[in-house]
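Just data-v3.cif here, mmCIF, C-alpha atoms:
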```cif
data_structure
loop_
_atom_site.label_atom_id
_atom_site.label_comp_id
_atom_site.auth_asym_id
_atom_site.auth_seq_id
_atom_site.Cartn_x
_atom_site.Cartn_y
_atom_site.Cartn_z
CA MET A 846 143.90 64.80 164.88
CA ALA A 847 144.45 64.62 161.15
CA TYR A 848 141.75 62.02 160.69
CA LEU A 849 139.18 64.47 161.99
CA ASP A 850 139.84 66.54 158.87
CA PHE A 851 137.66 64.00 157.13
CA VAL A 852 134.49 65.74 158.37
CA PRO A 853 135.24 69.30 157.18
CA ASN A 854 136.70 67.85 153.97
CA LEU A 855 133.45 66.05 153.32
CA GLY A 856 131.53 69.24 153.91
CA ARG A 857 133.78 71.16 151.53
CA GLN A 858 133.41 68.46 148.87
CA VAL A 859 129.63 68.69 149.08
CA LEU A 860 129.71 72.48 148.89
CA LEU A 861 132.00 72.27 145.85
CA THR A 862 130.01 69.53 144.12
CA ILE A 863 126.60 71.19 144.16
CA PRO A 864 127.57 74.35 142.22
CA ASN A 865 129.65 72.11 139.91
CA LEU A 866 126.56 70.07 139.10
CA GLY A 867 124.62 73.24 138.44
CA ALA A 868 127.37 74.56 136.16
CA ALA A 869 127.51 71.24 134.31
CA ALA A 870 123.74 71.31 133.80
CA SER A 871 123.74 74.86 132.44
CA PHE A 872 126.72 73.89 130.25
CA LEU A 873 124.65 71.04 128.77
CA LEU A 874 121.65 73.27 128.19
CA ARG A 875 123.69 76.04 126.53
CA SER A 876 125.43 73.52 124.27
CA LEU A 877 122.24 71.75 123.21
CA VAL A 878 120.48 75.03 122.47
CA ALA A 879 123.53 76.30 120.54
CA VAL A 880 122.28 74.31 117.50
CA ILE A 881 120.24 77.34 116.48
CA ASN A 882 123.26 79.64 116.80
CA ARG A 883 124.61 80.89 113.48
CA HIS A 884 128.08 79.56 114.31
CA PHE A 885 126.80 76.00 114.44
CA SER A 886 127.83 74.29 111.22
CA ILE A 887 126.64 71.00 109.79
CA GLN A 888 130.13 70.48 108.37
CA GLN A 889 131.54 70.45 111.92
CA LEU A 890 128.84 67.99 113.01
CA LEU A 891 129.67 65.65 110.12
CA LYS A 892 133.35 65.86 110.97
CA GLN A 893 132.60 64.79 114.54
CA VAL A 894 130.25 61.99 113.44
CA TYR A 895 133.12 60.79 111.28
CA GLY A 896 135.61 61.00 114.15
CA PHE A 897 133.32 59.38 116.76
CA GLY A 898 131.43 56.95 114.60
CA VAL A 899 133.27 55.82 111.53
CA ARG A 900 136.60 55.57 113.31
CA SER A 901 135.12 53.59 116.23
CA LEU A 902 133.35 51.18 113.91
CA LEU A 903 136.10 48.58 113.65
CA LEU A 904 136.60 48.54 117.44
CA MET A 905 132.85 48.07 117.99
CA ILE A 906 132.59 45.28 115.42
CA VAL A 907 135.50 43.32 116.89
CA ALA A 908 134.24 43.81 120.46
CA ALA A 909 130.68 42.83 119.51
CA PHE A 910 131.82 39.74 117.64
CA PHE A 911 133.77 38.40 120.62
CA THR A 912 131.03 39.34 123.09
CA GLY A 913 128.48 37.42 121.04
CA MET A 914 130.73 34.38 120.74
CA VAL A 915 131.40 34.30 124.49
CA LEU A 916 127.66 34.62 125.15
CA GLY A 917 127.06 31.65 122.86
CA PHE A 918 129.61 29.51 124.71
CA GLN A 919 128.53 30.46 128.22
CA GLY A 920 124.83 30.29 127.43
CA TYR A 921 125.28 26.84 125.96
CA TYR A 922 127.21 25.69 129.03
CA ALA A 923 124.39 26.84 131.32
CA LEU A 924 121.48 25.65 129.17
CA VAL A 925 122.79 22.23 128.11
CA ARG A 926 122.41 20.98 131.70
CA PHE A 927 118.65 21.43 131.42
CA GLY A 928 118.44 20.22 127.84
CA ALA A 929 117.19 23.70 126.97
CA THR A 930 119.72 24.67 124.30
CA SER A 931 116.78 25.61 122.09
CA ALA A 932 116.56 28.81 124.19
CA LEU A 933 120.14 29.82 123.28
CA GLY A 934 119.06 32.18 120.50
CA THR A 935 116.68 34.00 122.84
CA LEU A 936 119.36 34.26 125.51
CA VAL A 937 121.99 35.68 123.17
CA ALA A 938 119.61 38.14 121.50
CA LEU A 939 117.93 39.41 124.67
CA SER A 940 121.20 39.86 126.60
CA LEU A 941 122.71 41.81 123.72
CA LEU A 942 119.67 43.91 122.81
CA ARG A 943 118.66 44.84 126.33
CA GLU A 944 121.91 45.18 128.26
CA LEU A 945 125.24 44.32 126.73
CA GLY A 946 124.79 46.18 123.45
CA PRO A 947 123.99 49.62 124.87
CA VAL A 948 126.28 49.35 127.91
CA LEU A 949 129.37 47.99 126.16
CA THR A 950 128.94 50.40 123.26
CA ALA A 951 128.77 53.31 125.71
CA LEU A 952 131.77 52.10 127.75
CA LEU A 953 133.90 51.61 124.64
CA PHE A 954 132.70 54.94 123.32
CA ALA A 955 133.73 56.65 126.58
CA GLY A 956 137.20 55.16 126.27
CA ARG A 957 137.62 55.66 122.54
CA ALA A 958 135.89 58.97 121.80
CA GLY A 959 135.12 60.50 125.21
CA SER A 960 138.75 60.63 126.32
CA ALA A 961 139.86 62.20 123.05
CA LEU A 962 137.06 64.76 123.31
CA THR A 963 138.07 65.78 126.84
CA ALA A 964 141.73 66.05 125.86
CA GLU A 965 140.83 68.13 122.81
CA ILE A 966 138.60 70.62 124.61
CA SER A 967 140.86 70.93 127.65
CA SER A 968 143.94 71.61 125.54
CA MET A 969 141.94 74.15 123.55
CA LYS A 970 141.23 75.77 126.89
CA ALA A 971 144.84 75.46 128.06
CA THR A 972 146.11 77.14 124.90
CA GLU A 973 143.39 79.81 125.25
CA GLN A 974 141.75 78.94 121.95
CA LEU A 975 138.30 79.12 123.57
CA SER A 976 139.02 82.64 124.86
CA ALA A 977 140.33 83.60 121.43
CA MET A 978 137.05 82.49 119.87
CA GLU A 979 135.07 84.62 122.29
CA MET A 980 137.34 87.55 121.40
CA MET A 981 136.37 87.04 117.75
CA ALA A 982 132.69 86.91 118.74
CA VAL A 983 132.49 83.23 117.81
CA ASN A 984 130.37 81.32 120.30
CA PRO A 985 132.58 78.39 121.44
CA PHE A 986 129.47 76.46 122.51
CA ALA A 987 128.11 76.58 118.99
CA TRP A 988 131.42 76.09 117.21
CA VAL A 989 133.15 73.51 119.46
CA VAL A 990 130.83 71.88 122.00
CA ALA A 991 127.45 71.56 120.27
CA PRO A 992 128.67 69.58 117.21
CA ARG A 993 130.44 67.11 119.48
CA LEU A 994 127.47 66.72 121.82
CA TRP A 995 125.00 66.15 118.98
CA ALA A 996 127.42 63.83 117.23
CA GLY A 997 127.56 61.71 120.40
CA ILE A 998 123.76 61.57 120.59
CA VAL A 999 123.50 60.49 116.94
CA VAL A 1000 126.46 58.11 116.84
CA VAL A 1001 125.97 55.92 119.92
CA PRO A 1002 122.54 54.47 118.93
CA ILE A 1003 123.88 53.71 115.43
CA LEU A 1004 126.95 52.02 116.89
CA CYS A 1005 124.68 50.13 119.28
CA ALA A 1006 122.48 48.80 116.45
CA ILE A 1007 125.59 47.57 114.64
CA PHE A 1008 126.97 46.12 117.89
CA ASP A 1009 123.70 44.20 118.50
CA LEU A 1010 123.64 42.79 115.00
CA VAL A 1011 127.29 41.73 114.90
CA GLY A 1012 127.02 40.28 118.42
CA ILE A 1013 123.99 38.17 117.50
CA PHE A 1014 125.83 36.98 114.40
CA GLY A 1015 128.84 36.03 116.55
CA GLY A 1016 126.56 34.14 118.93
CA TYR A 1017 125.00 32.37 115.95
CA LEU A 1018 128.40 31.34 114.57
CA ILE A 1019 129.34 29.69 117.86
CA SER A 1020 125.94 28.17 118.64
CA VAL A 1021 124.97 26.65 115.32
CA PRO A 1022 128.08 25.56 113.36
CA VAL A 1023 130.39 25.00 116.36
CA LEU A 1024 128.17 23.74 119.19
CA GLY A 1025 125.59 22.07 116.97
CA VAL A 1026 122.42 23.82 118.15
CA ASP A 1027 119.68 23.57 115.52
CA GLY A 1028 119.77 26.70 113.35
CA GLY A 1029 116.03 26.85 112.73
CA THR A 1030 115.24 26.63 116.43
CA PHE A 1031 117.89 29.26 117.18
CA TRP A 1032 116.23 31.89 114.98
CA ALA A 1033 112.61 30.81 115.58
CA GLN A 1034 112.92 30.97 119.37
CA MET A 1035 114.66 34.33 119.06
CA GLN A 1036 111.95 35.71 116.82
CA SER A 1037 109.09 34.56 119.00
CA ASN A 1038 110.61 36.06 122.16
CA VAL A 1039 112.12 39.35 120.95
CA THR A 1040 109.75 42.25 120.34
CA PHE A 1041 110.70 45.19 118.12
CA SER A 1042 109.44 48.00 120.35
CA GLY A 1043 109.94 46.32 123.72
CA ASP A 1044 113.48 45.02 123.27
CA ILE A 1045 115.15 46.51 120.18
CA LEU A 1046 113.89 50.10 120.37
CA THR A 1047 114.19 50.42 124.16
CA GLY A 1048 117.77 49.15 123.89
CA LEU A 1049 118.53 51.82 121.31
CA PHE A 1050 116.82 54.44 123.48
CA LYS A 1051 119.17 53.43 126.28
CA ALA A 1052 122.10 53.87 123.90
CA LEU A 1053 120.85 57.36 123.01
CA CYS A 1054 120.74 58.34 126.71
CA PHE A 1055 124.24 56.93 127.21
CA GLY A 1056 125.53 58.83 124.18
CA LEU A 1057 124.22 62.08 125.62
CA VAL A 1058 125.61 61.41 129.10
CA VAL A 1059 129.05 60.24 127.94
CA THR A 1060 129.65 63.18 125.60
CA TRP A 1061 128.21 65.60 128.15
CA ILE A 1062 130.58 64.39 130.87
CA ALA A 1063 133.54 64.31 128.48
CA ALA A 1064 132.89 67.81 127.14
CA TRP A 1065 132.22 69.24 130.61
CA GLN A 1066 135.38 67.71 132.08
CA GLY A 1067 137.35 69.26 129.21
CA TYR A 1068 135.66 72.62 129.61
CA ALA A 1069 136.14 72.71 133.39
CA ALA A 1070 139.73 71.42 133.35
CA GLN A 1071 142.64 73.30 134.89
CA PRO A 1072 144.34 75.07 131.96
CA THR A 1073 147.68 73.33 132.54
CA ALA A 1074 149.36 70.25 131.08
CA GLU A 1075 148.62 68.37 134.29
CA GLY A 1076 145.03 69.58 134.25
CA VAL A 1077 144.52 68.14 130.77
CA GLY A 1078 145.77 64.74 131.93
CA ASN A 1079 143.62 64.77 135.07
CA ALA A 1080 140.55 65.83 133.14
CA THR A 1081 140.99 62.98 130.64
CA THR A 1082 141.28 60.37 133.38
CA ARG A 1083 138.31 61.79 135.25
CA SER A 1084 136.27 61.90 132.07
CA VAL A 1085 136.63 58.16 131.37
CA VAL A 1086 136.08 57.13 135.00
CA THR A 1087 133.06 59.36 135.58
CA ALA A 1088 131.47 58.53 132.22
CA SER A 1089 131.87 54.76 132.76
CA LEU A 1090 130.37 54.90 136.24
CA ALA A 1091 127.57 57.16 135.04
CA VAL A 1092 126.72 54.69 132.25
CA LEU A 1093 126.53 51.78 134.70
CA GLY A 1094 124.46 53.72 137.22
CA LEU A 1095 122.14 55.17 134.59
CA ASP A 1096 121.75 51.69 133.10
CA PHE A 1097 120.33 50.44 136.38
CA ILE A 1098 117.82 53.30 136.52
CA LEU A 1099 116.80 52.92 132.87
CA THR A 1100 116.41 49.15 133.20
CA ALA A 1101 114.23 49.59 136.27
CA LEU A 1102 112.10 52.19 134.44
CA LEU A 1103 111.87 50.63 130.96
CA PHE A 1104 111.82 46.87 131.49
CA THR A 1105 109.28 46.22 134.20
CA MET B 1070 140.71 64.38 105.15
CA GLU B 1071 138.88 65.84 102.20
CA LYS B 1072 135.45 67.32 103.00
CA ARG B 1073 133.69 65.22 100.35
CA ALA B 1074 135.27 62.04 101.70
CA ILE B 1075 133.97 62.77 105.20
CA ASP B 1076 130.47 63.29 103.82
CA TRP B 1077 130.67 59.94 102.06
CA TRP B 1078 131.92 58.09 105.12
CA VAL B 1079 129.27 59.60 107.37
CA GLY B 1080 126.61 58.69 104.83
CA ILE B 1081 127.85 55.10 104.69
CA PHE B 1082 127.98 54.98 108.49
CA VAL B 1083 124.38 56.16 108.87
CA LEU B 1084 123.22 53.75 106.16
CA LEU B 1085 125.00 50.90 107.97
CA GLY B 1086 123.15 51.83 111.15
CA ILE B 1087 119.78 51.89 109.38
CA ALA B 1088 120.56 48.59 107.65
CA ALA B 1089 121.49 47.04 111.01
CA LEU B 1090 118.19 48.23 112.49
CA VAL B 1091 116.19 46.82 109.56
CA VAL B 1092 117.93 43.44 109.79
CA LEU B 1093 117.38 43.40 113.55
CA ALA B 1094 113.70 44.20 113.07
CA LEU B 1095 113.11 41.58 110.40
CA ARG B 1096 115.46 38.76 111.36
CA VAL B 1097 115.54 39.08 115.16
CA GLY B 1098 112.35 40.89 116.09
CA ASN B 1099 110.26 39.16 113.42
CA LEU B 1100 108.45 42.30 112.31
CA SER B 1101 107.87 40.46 109.03
CA GLY B 1102 105.05 38.72 110.92
CA PHE B 1103 102.97 41.65 109.71
CA ALA B 1104 102.92 39.84 106.38
CA TYR B 1105 99.96 37.85 107.73
CA ASN B 1106 97.89 41.04 107.86
CA ASP B 1107 96.32 40.19 104.53
CA GLY B 1108 95.41 36.68 105.68
CA TYR B 1109 91.95 35.47 106.68
CA VAL B 1110 90.70 34.79 110.19
CA LEU B 1111 89.73 31.44 111.70
CA HIS B 1112 88.52 30.61 115.19
CA ALA B 1113 88.95 27.51 117.30
CA ASP B 1114 87.69 26.67 120.80
CA PHE B 1115 89.98 24.71 123.09
CA SER B 1116 89.28 23.54 126.65
CA ASN B 1117 92.87 24.42 127.58
CA VAL B 1118 95.35 26.53 125.61
CA GLY B 1119 98.28 25.96 127.97
CA SER B 1120 100.89 28.68 127.52
CA LEU B 1121 99.89 29.59 123.96
CA LYS B 1122 100.50 33.31 123.36
CA VAL B 1123 99.43 35.94 120.86
CA ARG B 1124 101.82 35.71 117.86
CA SER B 1125 102.46 32.01 118.48
CA PRO B 1126 102.82 30.28 115.11
CA VAL B 1127 100.10 28.24 113.36
CA ARG B 1128 101.69 25.31 111.53
CA LEU B 1129 100.55 22.79 108.99
CA GLY B 1130 102.92 19.85 108.56
CA GLY B 1131 105.60 21.84 110.38
CA VAL B 1132 105.38 24.83 108.03
CA THR B 1133 104.22 28.11 109.55
CA ILE B 1134 101.07 29.27 107.73
CA GLY B 1135 99.82 31.92 110.14
CA GLU B 1136 99.82 33.22 113.68
CA VAL B 1137 97.59 33.53 116.72
CA THR B 1138 96.14 37.04 116.87
CA HIS B 1139 93.88 36.86 119.91
CA ILE B 1140 93.10 34.51 122.80
CA GLY B 1141 89.85 35.05 124.66
CA MET B 1142 87.28 33.21 126.73
CA ASN B 1143 83.87 32.16 125.49
CA PRO B 1144 81.67 32.93 128.52
CA LYS B 1145 78.87 30.58 127.43
CA THR B 1146 80.87 27.42 126.91
CA PHE B 1147 83.84 28.26 129.20
CA MET B 1148 86.14 27.35 126.35
CA ALA B 1149 89.25 29.32 125.41
CA ASN B 1150 88.65 30.96 122.04
CA VAL B 1151 91.74 31.27 119.82
CA THR B 1152 91.66 33.61 116.83
CA MET B 1153 94.20 32.89 114.09
CA ARG B 1154 95.21 34.66 110.92
CA ILE B 1155 96.06 32.28 108.06
CA GLU B 1156 97.90 32.99 104.81
CA PRO B 1157 95.33 33.60 102.06
CA LYS B 1158 96.78 30.98 99.71
CA VAL B 1159 96.19 28.18 102.23
CA LYS B 1160 92.57 26.97 101.92
CA LEU B 1161 91.53 24.52 104.63
CA PRO B 1162 88.70 21.92 104.29
CA MET B 1163 85.63 22.07 106.56
CA ASP B 1164 86.66 19.06 108.65
CA THR B 1165 90.10 20.44 109.54
CA GLY B 1166 91.33 19.78 113.06
CA ALA B 1167 93.50 21.92 115.32
CA SER B 1168 95.69 20.86 118.24
CA ILE B 1169 98.11 22.65 120.53
CA TYR B 1170 101.55 21.09 120.52
CA THR B 1171 104.85 21.94 122.13
CA ALA B 1172 108.03 22.24 120.07
CA GLY B 1173 110.46 19.99 121.92
CA LEU B 1174 110.11 19.23 125.60
CA LEU B 1175 110.32 22.78 126.90
CA GLY B 1176 109.89 24.75 123.67
CA GLU B 1177 107.21 27.21 122.65
CA GLN B 1178 103.63 26.08 122.05
CA TYR B 1179 101.99 26.33 118.64
CA VAL B 1180 98.73 25.48 116.92
CA ALA B 1181 99.09 22.45 114.65
CA ILE B 1182 96.53 22.14 111.84
CA GLN B 1183 95.47 18.72 110.53
CA PRO B 1184 93.68 19.23 107.21
CA GLY B 1185 90.61 17.11 106.55
CA GLY B 1186 89.27 15.70 103.29
CA MET B 1187 85.95 17.45 102.67
CA PRO B 1188 85.54 19.28 99.35
CA GLN B 1189 84.09 22.45 100.93
CA ASN B 1190 86.60 24.87 102.45
CA LEU B 1191 86.36 26.79 105.71
CA LYS B 1192 85.16 30.33 105.04
CA PRO B 1193 87.01 33.35 106.46
CA GLY B 1194 85.77 33.88 110.03
CA GLY B 1195 84.79 30.21 110.28
CA THR B 1196 85.38 27.98 113.27
CA ILE B 1197 87.42 24.80 113.51
CA THR B 1198 85.32 22.39 115.55
CA MET B 1199 87.64 19.42 116.01
CA THR B 1200 90.21 20.57 118.53
CA GLN B 1201 92.63 18.94 120.89
CA SER B 1202 93.88 20.86 123.91
CA ALA B 1203 97.41 21.49 125.08
CA VAL B 1204 99.08 18.64 126.91
CA ASN B 1205 99.37 19.67 130.52
CA LEU B 1206 102.80 18.52 131.60
CA ASP B 1207 102.10 18.99 135.33
CA GLN B 1208 98.99 16.86 135.06
CA LEU B 1209 100.87 14.13 133.16
CA ILE B 1210 103.65 14.02 135.74
CA GLY B 1211 101.05 13.95 138.50
CA GLN B 1212 99.28 10.99 136.88
CA MET B 1213 102.58 9.17 136.36
CA VAL B 1214 103.63 9.64 139.98
CA PHE B 1215 100.17 8.55 141.15
CA ASN B 1216 100.27 5.42 138.94
CA LYS B 1217 103.76 4.54 140.10
CA ALA B 1218 102.70 4.92 143.73
CA SER B 1219 99.59 2.75 143.36
CA GLY B 1220 101.39 0.17 141.21
CA SER B 1221 104.21 -0.43 143.71
CA LYS B 1222 101.88 -1.56 146.46
#
```
Encoded form using structure tokens:
Amino acid sequence: MAYLDFVPNLGRQVLLTIPNLGAAASFLLRSLVAVINRHFSIQQLLKQVYGFGVRSLLLMIVAAFFTGMVLGFQGYYALVRFGATSALGTLVALSLLRELGPVLTALLFAGRAGSALTAEISSMKATEQLSAMEMMAVNPFAWVVAPRLWAGIVVVPILCAIFDLVGIFGGYLISVPVLGVDGGTFWAQMQSNVTFSGDILTGLFKALCFGLVVTWIAAWQGYAAQPTAEGVGNATTRSVVTASLAVLGLDFILTALLFT
Amino acid sequence: MEKRAIDWWVGIFVLLGIAALVVLALRVGNLSGFAYNDGYVLHADFSNVGSLKVRSPVRLGGVTIGEVTHIGMNPKTFMANVTMRIEPKVKLPMDTGASIYTAGLLGEQYVAIQPGGMPQNLKPGGTITMTQSAVNLDQLIGQMVFNKASGSK
């Protein structure tokens, strides 16, 4: 009757998940509020912005460039059947600004920075560095978690803006010089159909939400990890998987709320 | 990594982000359209504006000289009233005409200005009287199909 274990297992999972969610929420709140703690240092924040942002820049630029070029090719293939290649600029810009920019930035960020963040915090926990800080009356939320969380919130929209721009440039390079779409039409159609607040700023707002969620999940998985070598590995895997799924799910909700 | 170096890199990173946003706003989102704010206003009544939108371009000889700022309905004449903002350096004669054209077969619609020859210029807030409405593609196709059908008898 082993398969009947499914039912009590499900019940136990639910009972375990609900307090976990509550703990994760209070973890987020304590970390965000820790900015006003005296152990929060701008120097730490800058160091994290450097680690998350500057060192992910090259990855983002390469990814954005190829995404934009593929969009140009595929958009052309679809539009040329209707003789509507003049809409290619609009298609490339709107897909990047509204969906692909924020989502791909967040997914890459979860893989590049989120995993490292989880591994860092969970090994700090495994080697009892967090407990040592508490012993020295240093608030680990203010010293370790808050700079990383705020860095994530600041960095992802900036990366997203750069991603959008490089992606549109990649789409332009394929559409105009390679496929022979008229350059003037490409930009003019884009400009008349893209709005600054409706498309560009809402896309960046999405990126900001993703930045918060990805760093939150990564930091929480690290903080809640089993303090063993295996626990660190598990936490890192779970961090990337959960953060990626959360980004995709949250994207659906944000799109439904913002773009209707 | 030296502390100073990190500060520099973060500064450059943030500046890059701001620069990207500015380029997006100006080049992609066309926020520079606000440049027409110092232009003067002209009106024109059309019997049909088609799919003309606010912020559609106003062109003279293919060059954009302004944009549509408002589209309303004149309740007395049942004509669509289009308000445009024109660059101040472009002075149009009194007998200027305005038509609504489509860029390409399926492109966006715009107001095309045909300047007249009268010595007096239109004053700010003036009205262009000679107008030609948007070509209604559905109507044209309908007429063509109807003609074909009657001609083949």
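Among the candidate residues B:Met1153, B:Leu1121, B:Leu1111, B:Ile1075, the one lying nearest to B:Tyr1170 is B:Leu1121, with distances computed using only C-alpha atoms.
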Exercise for the section: Quick one: pull the distance between atom CA of A:Ser968 and atom CA of A:Gly896, Å, one decimal. Expected result: 17.7 Å
Practice task
Give as a PyMOL selection string every residue of chain A that touches chain B within 9 Å, counting all atoms listed in the file.
Solution key: chain A and resi 888+891-892+894-895+898-899+902+928-929+931-932+938+1000+1002-1011+1013+1032-1042+1044-1045
Practice task
Would you list the residues near (117.7, 48.5, 122.7) (no more than 7 Å away, in the coordinates of the file, using all atoms listed in the file) as a VMD selection string?
Solution key: chain A and resid 942 to 943 947 1044 to 1051
Quick one: write out the picked residues with C-alpha atoms as a short mmCIF file (atom, residue, chain, number, x, y, z; two decimals), in the frame of the given file?
```
data_model
loop_
_atom_site.label_atom_id
_atom_site.label_comp_id
_atom_site.auth_asym_id
_atom_site.auth_seq_id
_atom_site.Cartn_x
_atom_site.Cartn_y
_atom_site.Cartn_z
CA LEU A 942 119.67 43.91 122.81
CA ARG A 943 118.66 44.84 126.33
CA PRO A 947 123.99 49.62 124.87
CA ASP A 1044 113.48 45.02 123.27
CA ILE A 1045 115.15 46.51 120.18
CA LEU A 1046 113.89 50.10 120.37
CA THR A 1047 114.19 50.42 124.16
CA GLY A 1048 117.77 49.15 123.89
CA LEU A 1049 118.53 51.82 121.31
CA PHE A 1050 116.82 54.44 123.48
CA LYS A 1051 119.17 53.43 126.28
#
```
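Going from atom CA of B:His1139 to atom CA of A:Gly1043 covers 19.0 Å.
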Box for stretch 1190-1203 of chain B - axis-aligned, 8 Å on each of the six sides, all listed atoms - centre and size in Å to one decimal, as AutoDock Vina command-line options.
```
--center_x 91.1 --center_y 26.4 --center_z 113.8 --size_x 28.6 --size_y 30.9 --size_z 38.6
```
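The spacing separating atom CA of A:Gly1016 from atom CA of A:Ala908 amounts to 12.4 Å.
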Practice task
Show which residues sit within 10 Å of B:Asn1143, as a VMD selection string. Count all atoms listed in the file, and ignore same-chain residues fewer than 6 positions away.
Solution key: chain B and resid 1114 to 1115 1149 to 1151
Which residues of stretch 882-959 of chain A come within 12 Å of stretch 863-876 of chain A, and for each one, what is the closest pair of atoms and their distance in Å to one decimal, counting only C-alpha atoms, sorted by chain and residue number, as a Markdown table?
```
| residue | atom | partner | partner_atom | distance |
| --- | --- | --- | --- | --- |
| A:Asn882 | CA | A:Ser876 | CA | 9.9 |
| A:His884 | CA | A:Ser876 | CA | 11.9 |
| A:Phe885 | CA | A:Ser876 | CA | 10.2 |
```
Handout entry: Given the PyMOL selection byres ((chain A and resi 997) around 8), the residues it picks as an NGL selection string
Key = :A and (894 or 897 or 993-996 or 998-1001 or 1056-1057 or 1059-1060)
